[in-house]
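J.: The following file, start00.txt, comprises compact mmCIF, C-alpha atoms:
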```txt
# COMPACT_ATOMS: atom_id res chain seq x y z
CA MET A 137 -16.44 22.43 53.91
CA PRO A 138 -17.01 22.94 57.68
CA LEU A 139 -14.61 20.10 58.51
CA LEU A 140 -11.98 21.61 56.21
CA PHE A 141 -12.43 24.99 57.88
CA ILE A 142 -12.03 23.45 61.36
CA ARG A 143 -8.99 21.43 60.27
CA GLU A 144 -7.30 24.58 58.98
CA ARG A 145 -8.09 26.37 62.29
CA LEU A 146 -6.81 23.63 64.59
CA ALA A 147 -3.96 25.89 65.73
CA TRP A 148 -6.48 28.54 66.84
CA ILE A 149 -8.67 26.00 68.63
CA SER A 150 -5.68 24.36 70.33
CA TYR A 151 -4.36 27.72 71.53
CA PHE A 152 -7.82 28.71 72.85
CA LEU A 153 -8.22 25.44 74.77
CA PHE A 154 -4.70 25.78 76.14
CA MET A 155 -5.43 29.31 77.43
CA ILE A 156 -8.72 28.08 78.95
CA GLY A 157 -6.72 25.46 80.82
CA VAL A 158 -4.19 28.03 82.01
CA LEU A 159 -6.96 30.37 83.23
CA ASN A 160 -8.67 27.53 85.06
CA ILE A 161 -5.41 26.69 86.85
CA LEU A 162 -4.93 30.35 87.87
CA PHE A 163 -8.57 30.63 89.01
CA SER A 164 -8.23 27.50 91.11
CA LEU A 165 -5.26 29.04 92.93
CA ASP A 166 -7.36 32.07 93.90
CA VAL A 167 -9.41 31.11 96.96
CA GLY A 168 -11.71 34.08 96.36
CA LEU A 169 -13.20 32.51 93.25
CA VAL A 170 -15.82 29.83 93.68
CA GLY A 171 -16.44 26.94 91.31
CA VAL A 172 -19.64 28.47 89.88
CA SER A 173 -17.80 31.67 88.84
CA ILE A 174 -15.10 29.69 87.06
CA TRP A 175 -17.78 27.65 85.29
CA TYR A 176 -19.55 30.83 84.09
CA VAL A 177 -16.28 32.23 82.73
CA ASN A 178 -15.57 28.99 80.84
CA VAL A 179 -19.05 28.91 79.27
CA ILE A 180 -18.91 32.58 78.22
CA LEU A 181 -15.46 32.18 76.65
CA LEU A 182 -16.39 28.95 74.89
CA VAL A 183 -19.68 30.30 73.47
CA SER A 184 -18.06 33.52 72.30
CA PHE A 185 -15.27 31.56 70.61
CA ILE A 186 -17.78 29.30 68.83
CA ILE A 187 -19.72 32.37 67.64
CA PHE A 188 -16.44 33.91 66.40
CA LEU A 189 -15.52 30.74 64.50
CA PHE A 190 -18.99 30.55 62.92
CA TRP A 191 -18.79 34.20 61.83
CA ARG A 192 -15.34 33.64 60.27
CA TYR A 193 -16.64 30.53 58.52
CA VAL A 194 -19.55 32.44 56.95
CA VAL A 195 -17.32 35.34 55.87
CA GLU A 196 -14.58 33.15 54.36
CA VAL A 197 -17.00 30.83 52.56
CA LYS A 198 -18.69 33.86 51.00
CA GLN A 199 -15.30 35.24 49.94
CA LEU A 200 -14.36 31.90 48.41
CA ASN A 201 -17.66 31.51 46.54
CA ASP A 202 -17.45 35.08 45.21
CA PHE A 203 -13.92 34.47 44.05
CA LEU A 204 -14.60 31.09 42.42
CA GLY A 205 -17.73 32.42 40.74
CA ASN A 206 -15.71 35.07 38.90
CA VAL A 207 -12.27 33.48 38.83
CA ASP A 208 -11.82 33.93 35.05
CA SER A 209 -12.40 37.68 35.15
CA GLN A 210 -10.39 38.10 38.34
CA LEU A 211 -7.31 36.55 36.75
CA ASP A 212 -6.89 39.80 34.84
CA ASP A 213 -8.50 42.14 37.39
CA ALA A 214 -6.21 42.92 40.31
CA HIS A 215 -8.82 45.15 42.02
CA SER A 216 -11.51 42.44 42.01
CA ARG A 217 -9.01 39.94 43.28
CA SER A 218 -7.99 42.18 46.16
CA LEU A 219 -11.64 42.53 47.22
CA ALA A 220 -12.31 38.78 47.07
CA LEU A 221 -9.19 37.60 48.88
CA SER A 222 -7.51 38.38 52.14
CA PRO A 223 -3.97 39.85 51.93
CA PHE A 224 -2.36 36.47 52.65
CA GLN A 225 -4.62 34.71 50.14
CA ALA A 226 -3.89 37.38 47.54
CA ALA A 227 -0.15 36.88 48.06
CA TYR A 228 -0.50 33.14 47.56
CA PHE A 229 -2.68 33.66 44.52
CA THR A 230 -0.28 36.16 42.94
CA LYS A 231 2.59 33.69 43.23
CA ILE A 232 0.48 30.86 41.77
CA GLU A 233 -0.67 33.20 39.01
CA ASP A 234 2.91 34.05 38.07
CA VAL A 235 3.84 30.37 37.89
CA PHE A 236 0.67 29.64 35.88
CA TYR A 237 1.43 32.33 33.31
CA ASP A 238 5.03 31.15 32.96
CA LYS A 239 3.93 27.54 32.39
CA ASN A 240 1.13 28.64 30.08
CA THR A 241 3.60 30.62 27.98
CA GLU A 242 5.91 27.61 27.77
CA LEU A 243 2.95 25.40 26.79
CA ASN A 244 1.85 27.79 24.05
CA GLN A 245 5.38 27.95 22.69
CA ALA A 246 5.57 24.15 22.69
CA LYS A 247 2.22 23.95 20.86
CA VAL A 248 3.44 26.38 18.21
CA GLN A 249 6.68 24.43 17.76
CA LEU A 250 4.77 21.14 17.56
CA GLN A 251 2.38 22.56 14.96
CA GLU A 252 5.29 23.92 12.93
CA TYR A 253 7.00 20.52 13.09
CA SER A 254 3.77 18.78 12.07
CA ASP A 255 3.29 21.14 9.12
CA GLU A 256 6.90 20.69 8.00
CA LEU A 257 6.61 16.91 8.29
CA LEU A 258 3.35 16.91 6.34
CA ALA A 259 4.93 19.03 3.61
CA TRP A 260 7.95 16.71 3.51
CA VAL A 261 5.74 13.62 3.14
CA HIS A 262 3.90 15.22 0.24
CA GLU A 263 7.21 16.13 -1.39
CA VAL A 264 8.45 12.55 -1.04
CA LYS A 265 5.29 11.10 -2.61
CA ALA A 266 5.99 12.83 -5.92
CA PRO A 267 9.33 11.09 -6.66
CA LEU A 268 7.87 7.82 -5.34
CA THR A 269 5.13 8.05 -7.96
CA THR A 270 7.73 8.73 -10.65
CA ILE A 271 9.83 5.76 -9.52
CA ASN A 272 6.76 3.53 -9.66
CA LEU A 273 6.12 4.57 -13.26
CA MET A 274 9.77 3.95 -14.15
CA LEU A 275 9.56 0.40 -12.79
CA ASP A 276 7.22 -0.51 -15.64
CA HIS A 277 10.11 -0.03 -18.09
CA ILE A 278 12.33 -2.63 -16.44
CA GLU A 279 12.36 -5.66 -18.73
CA ASP A 280 13.80 -8.14 -16.25
CA LEU A 281 10.56 -9.45 -14.65
CA SER A 282 12.27 -10.92 -11.57
CA LEU A 283 14.17 -7.70 -10.85
CA ARG A 284 11.07 -5.59 -11.47
CA ARG A 285 9.00 -7.60 -8.99
CA LYS A 286 11.68 -7.30 -6.30
CA LEU A 287 11.95 -3.55 -6.85
CA GLU A 288 8.16 -3.17 -6.81
CA ALA A 289 7.99 -5.01 -3.50
CA GLU A 290 10.66 -2.76 -1.99
CA TRP A 291 8.95 0.31 -3.45
CA LEU A 292 5.69 -0.79 -1.82
CA ARG A 293 7.35 -1.11 1.60
CA LEU A 294 8.77 2.40 1.25
CA HIS A 295 5.40 3.71 0.09
CA LEU A 296 3.66 2.11 3.09
CA LEU A 297 6.11 3.75 5.51
CA VAL A 298 5.56 7.18 3.94
CA ASP A 299 1.79 6.63 3.94
CA GLN A 300 1.89 5.58 7.58
CA GLN A 301 3.79 8.74 8.50
CA LEU A 302 1.29 10.86 6.54
CA HIS A 303 -1.68 9.42 8.42
CA GLN A 304 0.13 9.61 11.75
CA THR A 305 0.62 13.34 11.18
CA ARG A 306 -3.05 13.78 10.28
CA LEU A 307 -4.32 11.71 13.20
CA ALA A 308 -4.42 14.70 15.57
CA SER A 309 -6.98 16.43 13.33
CA ILE A 310 -9.03 13.36 12.38
CA GLU A 311 -12.21 14.87 13.87
CA LYS A 312 -12.00 17.59 11.19
CA ASP A 313 -10.69 15.27 8.49
CA ASN A 314 -13.37 12.59 8.15
CA TYR A 315 -16.51 12.16 6.10
CA MET A 316 -18.87 9.38 7.19
CA LEU A 317 -21.05 7.80 4.53
CA LYS A 318 -22.48 4.43 3.52
CA MET A 319 -20.11 2.33 1.45
CA GLU A 320 -19.57 -1.27 0.41
CA LEU A 321 -16.79 -3.16 2.13
CA ARG A 322 -15.87 -4.85 -1.15
CA ALA A 323 -14.43 -1.70 -2.72
CA ALA A 324 -12.29 -0.77 0.30
CA VAL A 325 -10.88 -4.28 0.73
CA TYR A 326 -10.19 -5.02 -2.94
CA ASN A 327 -8.42 -1.69 -3.47
CA GLU A 328 -6.02 -2.47 -0.62
CA ILE A 329 -5.42 -6.02 -1.85
CA LYS A 330 -4.56 -4.64 -5.28
CA ALA A 331 -2.13 -2.15 -3.73
CA MET A 332 -0.38 -5.01 -1.88
CA GLN A 333 0.01 -7.09 -5.05
CA PRO A 334 3.79 -6.62 -5.58
CA TRP A 335 4.54 -7.75 -2.01
CA CYS A 336 2.12 -10.68 -2.26
CA ILE A 337 3.65 -11.85 -5.56
CA GLU A 338 7.11 -11.74 -4.02
CA LYS A 339 6.00 -13.97 -1.12
CA GLY A 340 3.55 -16.07 -3.11
CA ILE A 341 0.61 -15.05 -0.88
CA GLY A 342 -2.94 -15.36 -2.17
CA PHE A 343 -6.31 -14.12 -0.92
CA ASP A 344 -9.56 -15.97 -0.33
CA VAL A 345 -12.21 -13.25 -0.22
CA GLU A 346 -15.94 -13.64 0.27
CA GLU A 347 -18.59 -11.61 -1.54
CA LEU A 348 -18.33 -8.67 0.90
CA THR A 349 -21.66 -7.20 -0.19
CA GLU A 350 -22.33 -5.58 3.21
CA THR A 351 -22.75 -1.82 3.40
CA VAL A 352 -21.36 0.03 6.42
CA MET A 353 -21.38 3.62 7.65
CA THR A 354 -17.79 4.80 7.90
CA ASP A 355 -15.09 7.06 6.50
CA GLY A 356 -13.70 5.42 3.36
CA LYS A 357 -10.24 6.96 3.53
CA TRP A 358 -9.59 6.08 7.16
CA LEU A 359 -11.15 2.61 6.76
CA ALA A 360 -8.74 1.97 3.89
CA PHE A 361 -5.86 2.97 6.16
CA ILE A 362 -6.99 0.55 8.88
CA VAL A 363 -7.36 -2.34 6.42
CA ARG A 364 -3.97 -1.46 4.91
CA GLN A 365 -2.21 -1.71 8.26
CA ILE A 366 -3.83 -5.04 9.13
CA LEU A 367 -3.12 -6.51 5.68
CA SER A 368 0.46 -5.28 5.86
CA ASN A 369 0.86 -6.96 9.23
CA ALA A 370 -0.69 -10.19 7.93
CA ILE A 371 1.56 -10.31 4.85
CA LYS A 372 4.66 -9.46 6.86
CA TYR A 373 4.27 -12.36 9.29
CA SER A 374 2.72 -14.94 6.92
CA PRO A 375 4.92 -17.71 5.49
CA THR A 376 5.54 -17.86 1.75
CA ASN A 377 2.94 -19.56 -0.43
CA SER A 378 0.15 -19.13 2.12
CA GLU A 379 -3.34 -17.59 2.01
CA ILE A 380 -5.09 -14.76 3.79
CA PHE A 381 -8.83 -15.14 4.32
CA ILE A 382 -11.23 -12.19 4.37
CA PHE A 383 -14.89 -12.70 5.27
CA THR A 384 -17.77 -11.04 7.07
CA GLU A 385 -20.56 -11.93 9.44
CA VAL A 386 -23.23 -10.21 11.50
CA ASP A 387 -23.10 -10.38 15.29
CA PRO A 388 -26.21 -11.02 17.47
CA ASN A 389 -26.77 -7.26 17.83
CA GLY A 390 -26.84 -6.77 14.06
CA ALA A 391 -23.40 -5.18 13.71
CA THR A 392 -21.24 -6.04 10.69
CA LEU A 393 -17.95 -7.81 11.45
CA LEU A 394 -15.05 -7.89 8.98
CA HIS A 395 -12.54 -10.68 9.65
CA ILE A 396 -8.99 -10.81 8.26
CA LYS A 397 -7.39 -14.18 8.98
CA ASP A 398 -3.79 -15.18 8.23
CA ASN A 399 -1.79 -18.36 8.73
CA GLY A 400 1.24 -16.57 10.09
CA ILE A 401 3.41 -17.18 13.11
CA GLY A 402 0.72 -15.96 15.50
CA ILE A 403 0.95 -13.78 18.60
CA ARG A 404 1.95 -14.95 22.06
CA LYS A 405 -0.74 -14.81 24.72
CA GLU A 406 1.29 -12.42 26.87
CA ASP A 407 1.73 -10.06 23.90
CA LEU A 408 -1.97 -9.82 22.95
CA PRO A 409 -3.00 -7.14 25.50
CA ARG A 410 -0.18 -4.86 24.31
CA ILE A 411 -0.16 -5.18 20.50
CA PHE A 412 -2.02 -1.87 20.08
CA GLN A 413 0.42 0.07 22.24
CA LYS A 414 2.70 2.58 20.56
CA SER A 415 6.04 1.15 19.37
CA TYR A 416 5.31 -2.25 20.89
CA THR A 417 6.69 -4.90 18.54
CA GLY A 418 6.14 -8.02 20.64
CA THR A 419 8.19 -11.19 20.55
CA ALA A 420 7.87 -11.57 16.78
CA GLY A 421 8.78 -7.93 16.20
CA ARG A 422 11.99 -8.22 18.20
CA GLU A 423 13.01 -11.08 15.94
CA SER A 424 12.36 -8.98 12.81
CA SER A 425 14.03 -5.67 12.00
CA GLN A 426 11.07 -4.72 9.76
CA SER A 427 8.67 -4.13 12.64
CA THR A 428 8.20 -0.59 13.97
CA GLY A 429 5.26 -1.20 16.30
CA MET A 430 3.36 1.73 14.79
CA GLY A 431 0.96 0.15 12.27
CA LEU A 432 -1.46 -1.53 14.68
CA TYR A 433 -1.16 1.37 17.13
CA LEU A 434 -2.27 3.85 14.46
CA ALA A 435 -4.98 1.52 13.12
CA HIS A 436 -6.41 1.09 16.62
CA ASN A 437 -6.38 4.84 17.30
CA VAL A 438 -8.05 5.65 14.00
CA ALA A 439 -10.66 2.93 14.55
CA GLN A 440 -11.60 4.31 17.96
CA LYS A 441 -12.12 7.79 16.54
CA ILE A 442 -14.49 6.61 13.78
CA GLY A 443 -16.41 4.12 15.92
CA ILE A 444 -14.82 0.86 14.75
CA ARG A 445 -13.73 -1.69 17.37
CA ILE A 446 -10.75 -3.91 16.56
CA THR A 447 -10.26 -7.22 18.32
CA VAL A 448 -7.78 -10.01 17.70
CA GLN A 449 -7.63 -13.75 18.32
CA SER A 450 -4.30 -15.48 17.94
CA SER A 451 -2.06 -18.24 19.17
CA ILE A 452 1.48 -19.25 18.29
CA GLY A 453 1.73 -21.32 15.11
CA GLU A 454 -1.96 -20.95 14.21
CA GLY A 455 -2.08 -17.43 12.79
CA SER A 456 -4.28 -14.49 13.77
CA ILE A 457 -7.80 -13.22 13.12
CA PHE A 458 -8.29 -9.45 13.24
CA THR A 459 -11.94 -8.41 13.49
CA LEU A 460 -13.37 -4.98 12.70
CA ARG A 461 -16.77 -4.30 14.23
CA PHE A 462 -18.63 -1.44 12.55
CA PRO A 463 -21.02 0.73 14.59
CA LEU A 464 -24.78 0.30 14.47
CA GLN A 465 -26.94 3.23 13.39
CA ASN A 466 -27.67 4.35 16.96
CA GLU A 467 -23.98 4.04 17.88
CA TYR A 468 -23.08 6.09 14.82
CA VAL A 469 -25.53 8.83 15.83
CA LYS A 470 -24.07 8.88 19.35
CA LEU A 471 -20.54 9.05 17.91
CA THR A 472 -21.14 11.87 15.42
CA GLY A 473 -24.23 13.60 16.78
CA ARG A 474 -25.83 13.31 13.33
```
Could you render the structure as structure tokens?

T.:
Amino acid sequence: MPLLFIRERLAWISYFLFMIGVLNILFSLDVGLVGVSIWYVNVILLVSFIIFLFWRYVVEVKQLNDFLGNVDSQLDDAHSRSLALSPFQAAYFTKIEDVFYDKNTELNQAKVQLQEYSDELLAWVHEVKAPLTTINLMLDHIEDLSLRRKLEAEWLRLHLLVDQQLHQTRLASIEKDNYMLKMELRAAVYNEIKAMQPWCIEKGIGFDVEELTETVMTDGKWLAFIVRQILSNAIKYSPTNSEIFIFTEVDPNGATLLHIKDNGIGIRKEDLPRIFQKSYTGTAGRESSQSTGMGLYLAHNVAQKIGIRITVQSSIGEGSIFTLRFPLQNEYVKLTGR
């Protein structure tokens, strides 16, 4: 603080030293003044100037502390502001305040518009889900088995896109829309495998699943969404007539790890650090029009908010292994405060 004060008063100090120099030159031209008298004048002026600077420093620091200590109330109290600030400071503050209120108004308007858009989008998604459910029921009446399976696979892709949009809209309020409890991994994984059945039948993809008897503390709905996105990604990039392996293990710290391994095309090394970025499709995604780059981004964001850590190991031509690490009890308490 003192250095800042001195730096802001450099013009004063420079002018004072300049005038001292001028006076000394004038005194030296006067033969009636001896060196001792000039020295006394210099000391008196210098000491008085230092005392003046110190006094101004104390006064201005007190003004600043008083103002900062009550800045919230003074934003709406012109009288208090005028007492805490000098006229020049008050003029600066008034201008900044006007700009702040203008920007704050624009921000509030943008927030309202964004919330309205989010509500409208959420309502639209719910409206779309109703006819999708009806279409799914109607598919059961198609007698041509080959045609029915193709339509079911296409229906599933459409359903997954709508579901992804629904969860993307809800992501902003996930802190209010989660319920953590103990649950078995088996139920969450098998439900998502069953939902993917039409797509898997179309591509001839099977699953090799372990017992999955582990119990984890998590939110069932959001965990299902994460597994859904990873399974969707695995099926999309796996070759026909291949298998996806799902198994668990416990790491050295005692945390449960859920692995989802595919035999797909794999991910390039340079793409790995960016696969969880929004709209990033990678090399494989640019070669496929089906990729949006949103699934893994959303899964990663959801996982972070409920304490799950997602990692991936992959190389070209050897497939990928996505690993979900579930939080330990102490990590869960730290995350939720419960």

J.: With all atoms listed in the file as the basis for distance, which of A:Thr351, A:Ser173, A:Gln249, A:Ser368 is at the shortest distance from A:Gln300?

T.: A:Ser368

J.: For A:Met353, which residue out of A:His303, A:Lys318, A:Lys247, A:Lys372 is the nearest one, using all atoms listed in the file?

T.: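 Of all the options, A:Lys318 lies closest to A:Met353.
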
J.: Go through A:Val197, A:Ala370, A:Ile403, A:Ile442 one by one, measure the shortest atom-to-atom distance of each to A:Glu454 using only C-alpha atoms, and give the residue with the smallest value.

T.: A:Ile403

J.: Would you pick out the contacts of A:Leu317 at 9 Å or less, using only C-alpha atoms, so that residues sharing its chain but fewer than 4 positions from it are not included, and give the list as a PyMOL selection string?

T.: chain A and resi 352-356

J.: When you draw a straight line from atom CA of A:Ile156 to atom CA of A:Pro138, how long is it in Å?

T.: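 Here the two named atoms are 23.4 Å from each other.
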
J.: Could you please fill out stretch 277-296 of chain A with N, CA and C atoms and send it back as an mmCIF file, in the frame of the given file?

T.:
```cif
data_model
loop_
_atom_site.group_PDB
_atom_site.id
_atom_site.type_symbol
_atom_site.label_atom_id
_atom_site.label_comp_id
_atom_site.auth_asym_id
_atom_site.auth_seq_id
_atom_site.Cartn_x
_atom_site.Cartn_y
_atom_site.Cartn_z
ATOM 1 N N HIS A 277 9.213 0.060 -16.926
ATOM 2 C CA HIS A 277 10.110 -0.030 -18.090
ATOM 3 C C HIS A 277 11.259 -1.011 -17.868
ATOM 4 N N ILE A 278 11.289 -1.629 -16.697
ATOM 5 C CA ILE A 278 12.330 -2.630 -16.440
ATOM 6 C C ILE A 278 11.911 -3.953 -17.082
ATOM 7 N N GLU A 279 12.725 -4.458 -17.977
ATOM 8 C CA GLU A 279 12.360 -5.660 -18.730
ATOM 9 C C GLU A 279 12.558 -6.945 -17.918
ATOM 10 N N ASP A 280 13.545 -6.954 -17.062
ATOM 11 C CA ASP A 280 13.800 -8.140 -16.250
ATOM 12 C C ASP A 280 12.657 -8.303 -15.233
ATOM 13 N N LEU A 281 11.765 -9.285 -15.466
ATOM 14 C CA LEU A 281 10.560 -9.450 -14.650
ATOM 15 C C LEU A 281 10.895 -9.724 -13.191
ATOM 16 N N SER A 282 11.889 -10.576 -12.940
ATOM 17 C CA SER A 282 12.270 -10.920 -11.570
ATOM 18 C C SER A 282 12.770 -9.692 -10.819
ATOM 19 N N LEU A 283 13.635 -8.915 -11.472
ATOM 20 C CA LEU A 283 14.170 -7.700 -10.850
ATOM 21 C C LEU A 283 13.056 -6.685 -10.615
ATOM 22 N N ARG A 284 12.159 -6.560 -11.607
ATOM 23 C CA ARG A 284 11.070 -5.590 -11.470
ATOM 24 C C ARG A 284 10.176 -5.928 -10.281
ATOM 25 N N ARG A 285 9.859 -7.204 -10.093
ATOM 26 C CA ARG A 285 9.000 -7.600 -8.990
ATOM 27 C C ARG A 285 9.671 -7.338 -7.645
ATOM 28 N N LYS A 286 10.963 -7.581 -7.548
ATOM 29 C CA LYS A 286 11.680 -7.300 -6.300
ATOM 30 C C LYS A 286 11.684 -5.807 -5.994
ATOM 31 N N LEU A 287 11.938 -5.006 -7.048
ATOM 32 C CA LEU A 287 11.950 -3.550 -6.850
ATOM 33 C C LEU A 287 10.560 -3.024 -6.508
ATOM 34 N N GLU A 288 9.529 -3.590 -7.117
ATOM 35 C CA GLU A 288 8.160 -3.170 -6.810
ATOM 36 C C GLU A 288 7.800 -3.488 -5.362
ATOM 37 N N ALA A 289 8.255 -4.646 -4.886
ATOM 38 C CA ALA A 289 7.990 -5.010 -3.500
ATOM 39 C C ALA A 289 8.683 -4.055 -2.532
ATOM 40 N N GLU A 290 9.927 -3.696 -2.845
ATOM 41 C CA GLU A 290 10.660 -2.760 -1.990
ATOM 42 C C GLU A 290 10.061 -1.360 -2.082
ATOM 43 N N TRP A 291 9.615 -0.994 -3.283
ATOM 44 C CA TRP A 291 8.950 0.310 -3.450
ATOM 45 C C TRP A 291 7.686 0.362 -2.608
ATOM 46 N N LEU A 292 6.928 -0.743 -2.597
ATOM 47 C CA LEU A 292 5.690 -0.790 -1.820
ATOM 48 C C LEU A 292 5.978 -0.620 -0.332
ATOM 49 N N ARG A 293 7.011 -1.257 0.182
ATOM 50 C CA ARG A 293 7.350 -1.110 1.600
ATOM 51 C C ARG A 293 7.670 0.344 1.933
ATOM 52 N N LEU A 294 8.437 0.986 1.049
ATOM 53 C CA LEU A 294 8.770 2.400 1.250
ATOM 54 C C LEU A 294 7.514 3.256 1.183
ATOM 55 N N HIS A 295 6.658 2.965 0.234
ATOM 56 C CA HIS A 295 5.400 3.710 0.090
ATOM 57 C C HIS A 295 4.527 3.560 1.337
ATOM 58 N N LEU A 296 4.473 2.353 1.895
ATOM 59 C CA LEU A 296 3.660 2.110 3.090
ATOM 60 C C LEU A 296 4.195 2.890 4.290
#
```
